[in-house]
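*Asks:* Sharing a structure with you now.
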Amino acid sequence: MSYSTSAALDPGAKAGGDASVMDATYRKIAWRLIPFLVFLFVLAWIDRVNVGFAKLQMLQDLQFSEAIYGLGAGIFFIGYFLFEVPSNLLLEKIGARKTLARITILWGLASMAMAYVTTPTSFYILRFLLGIFEAGFFPGVVLYLTYWFPAQRRARVNGLFMTSFAIAGAVGGPIAGLIMSSMEGVGHLANWQWLFILEGIPSLLAGFAVLAWLPEKPANAKWLSEAEQSAVTQALAAENSAPGKHFSFKDACANYRVWICAAVYFCVVSGNATIAFWAPSIIKEIGIKGNLQIGLISAIPFIAGTLAMIWNGIHSDKTGERRMHSAVATLIACIGLIATGLTLGNATVALISLTVAAIGILAAFPVFWSIPAAFLAGTAAAGGIALINSIGNLAGFVAPYMIGALKTSTGSLSSGLYFVAALEFLASFLVVVFVKKQ
């Protein structure tokens, strides 16, 4: 499999005739779009994974087992899987603004409703609905960015957008810890109930902000000059008409490279889901006490992961190399997870190991997503990116469930961490074997 995403000159530079002018144009676009998209994903990620913090008190209050929690945390991704491709294909037809607004409003409502869970069944249903409502957001944004940035710039741009993973972890933990430590018993609600309510409200409001802030495509951006609109549009049109691009969803499904990418992404996401859903429990298990302290310390791996994600995306764009930037990152994640499992009895070493795992996991994301965008365009990009993401995100079901089940049966988190580490190693293997050097 060979992907050449930066061997040629930036098509934007060709269309504009002046590379520095095009650089300035793309910077303007990035500053307008990326911070808002990051903000939206931070809200989505917090609402998706705050159950990991609610778990610290919720399981005791509702008498749920670790296995029930693992199934509920993971069942989100079943709904996500079933509705992601239809959502992205719909985005291609009706536009990004309406699609992203609908997604954001509905997941905010579902997150708030989690405060009223009383039984395992209601827990499962609301987590499933949250997955349905959020389905399409991440691949929708990845697709949306292909409407604005050429392939040569996407690893860096994807990396900037995907810092939302790490930012959400860095700010979500302390915020969740603060809410749970300060809202216990207020208004006759438990602290975990307030967590769902207070973190769902911003998403509800942000959904309406999407309609006012996001233009559909460069031609609709009033903050770009006509010359800038034309240059960006022509550059992307020229790129999408290049030989070797697949344009129909049928073409995407028939392309074996899509399925390889889906398998790799499944392995990568398993590590991300582990960090997101189990970091508070891992930190608690190594001896850290207090919800606020757990929340603050849980930010450390995500801060380190943010820096690694940005650096890996920039370096990959600069060198034009995707293969080893992906494979090395997932290998680092494998080593970090194994080391975490081996050192749970030593708080300092275990936290360092967990941070190493987060660095590898998060660094893999921006480079990975520049790979499928190199051979997909049009409806194939809409459906293919969603297909890869939906299959990959099934790991978000498998990993939390397996960790919960293994902890219930063995009494330790270590076996679950080793299971996920094996998947990260498999990701490295698949990239090295099936993604050829450029």
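Chain labels A, B, ... are given in the sequence in which chains occur in the structure tokens; within each chain residues are numbered consecutively from 1, and ligands are likewise numbered from 1 in the order shown.
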Within 12 Å of Phe434 (chain A), counting only C-alpha atoms, which residues show up once you throw out same-chain ones fewer than 3 positions away? Write them as a list in words, please.

*Replies:*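 Near neighbours after the sequence-gap exclusion: Met1, Ser2, Tyr3, Tyr256, Arg257, Val258, Trp259, Ile260, Cys261, Ala263, Val264, Arg323, Met324, Ala327, Leu426, Ala427, Ser428, Phe429, Leu430, Val431 and Lys437 of chain A.
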
*Asks:* So that I have them on file, write out the residues from the current selection with C-alpha atoms, as a PDB file, in the first residue's frame.

*Replies:*
```pdb
ATOM      1  CA  MET A   1       0.000   0.000   0.000  1.00  0.00           C
ATOM      2  CA  SER A   2       1.603   3.272  -1.014  1.00  0.00           C
ATOM      3  CA  TYR A   3       0.394   6.727  -0.094  1.00  0.00           C
ATOM      4  CA  TYR A 256      -8.904  -3.336   0.703  1.00  0.00           C
ATOM      5  CA  ARG A 257      -6.922  -0.362   1.995  1.00  0.00           C
ATOM      6  CA  VAL A 258     -10.067   0.933   3.709  1.00  0.00           C
ATOM      7  CA  TRP A 259     -10.397  -2.321   5.654  1.00  0.00           C
ATOM      8  CA  ILE A 260      -6.723  -2.338   6.628  1.00  0.00           C
ATOM      9  CA  CYS A 261      -7.141   1.210   7.899  1.00  0.00           C
ATOM     10  CA  ALA A 263      -8.296  -2.697  11.520  1.00  0.00           C
ATOM     11  CA  VAL A 264      -5.418  -0.380  12.435  1.00  0.00           C
ATOM     12  CA  ARG A 323       4.113   4.891   7.980  1.00  0.00           C
ATOM     13  CA  MET A 324       6.734   4.939  10.741  1.00  0.00           C
ATOM     14  CA  ALA A 327       3.850   2.472  13.774  1.00  0.00           C
ATOM     15  CA  LEU A 426      -0.983  -5.395  16.282  1.00  0.00           C
ATOM     16  CA  ALA A 427      -1.543  -1.850  14.979  1.00  0.00           C
ATOM     17  CA  SER A 428       2.215  -1.391  14.567  1.00  0.00           C
ATOM     18  CA  PHE A 429       2.481  -4.739  12.805  1.00  0.00           C
ATOM     19  CA  LEU A 430      -0.344  -3.966  10.344  1.00  0.00           C
ATOM     20  CA  VAL A 431       1.103  -0.562   9.464  1.00  0.00           C
ATOM     21  CA  LYS A 437       7.249   3.177   2.157  1.00  0.00           C
TER      22      LYS A 437
END
```

*Asks:* Using only C-alpha atoms, tabulate the residues of region 232-295 of chain A lying at most 12 Å from any atom of region 178-181 of chain A, each with its closest atom pair and that distance in Å to one decimal, by chain and increasing residue number, as a tab-separated table.

*Replies:*
```
residue	atom	partner	partner_atom	distance
A:Lys289	CA	A:Ser181	CA	11.8
A:Gly290	CA	A:Ser181	CA	8.0
A:Asn291	CA	A:Ser181	CA	6.1
A:Leu292	CA	A:Leu178	CA	5.5
A:Gln293	CA	A:Leu178	CA	9.1
A:Ile294	CA	A:Leu178	CA	10.1
A:Gly295	CA	A:Leu178	CA	7.8
```

*Asks:* Considering only C-alpha atoms, give me a table of residues in region 46-132 of chain A that are at most 10 Å from region 162-174 of chain A, with the closest atom pair and distance in Å for each, as a Markdown table.

*Replies:*
```
| residue | atom | partner | partner_atom | distance |
| --- | --- | --- | --- | --- |
| A:Ile46 | CA | A:Gly172 | CA | 6.0 |
| A:Asp47 | CA | A:Gly172 | CA | 9.3 |
| A:Val49 | CA | A:Gly172 | CA | 9.0 |
| A:Asn50 | CA | A:Gly172 | CA | 7.7 |
| A:Gly52 | CA | A:Gly173 | CA | 9.6 |
| A:Phe53 | CA | A:Gly173 | CA | 7.8 |
```

*Asks:* What's around Thr119 (chain A) at 9 Å? Count only C-alpha atoms, leave out sequence neighbours fewer than 4 positions away in its own chain, and write the answer as a PyMOL selection string.

*Replies:* chain A and resi 62+64+123-124

*Asks:* So how far away is CA of Trp107 (chain A) from CA of Phe196 (chain A), in Å?

*Replies:*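 Answer for the CA of Phe196 (chain A) to CA of Trp107 (chain A) separation: 11.4 Å.
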
*Asks:* Taking only C-alpha atoms into account, which of A:Ile34, A:Ala347, A:Ala238, A:Ala273 comes nearest Tyr401 (chain A)?

*Replies:* A:Ala273

*Asks:* I need the residues of region 186-371 of chain A that end up classed as helix (DSSP H, G or I) by DSSP on the backbone, written out as a ChimeraX atom specification.

*Replies:* /A:186-188,191-213,218-220,226-240,249-254,256-285,291-319,323-342,347-368
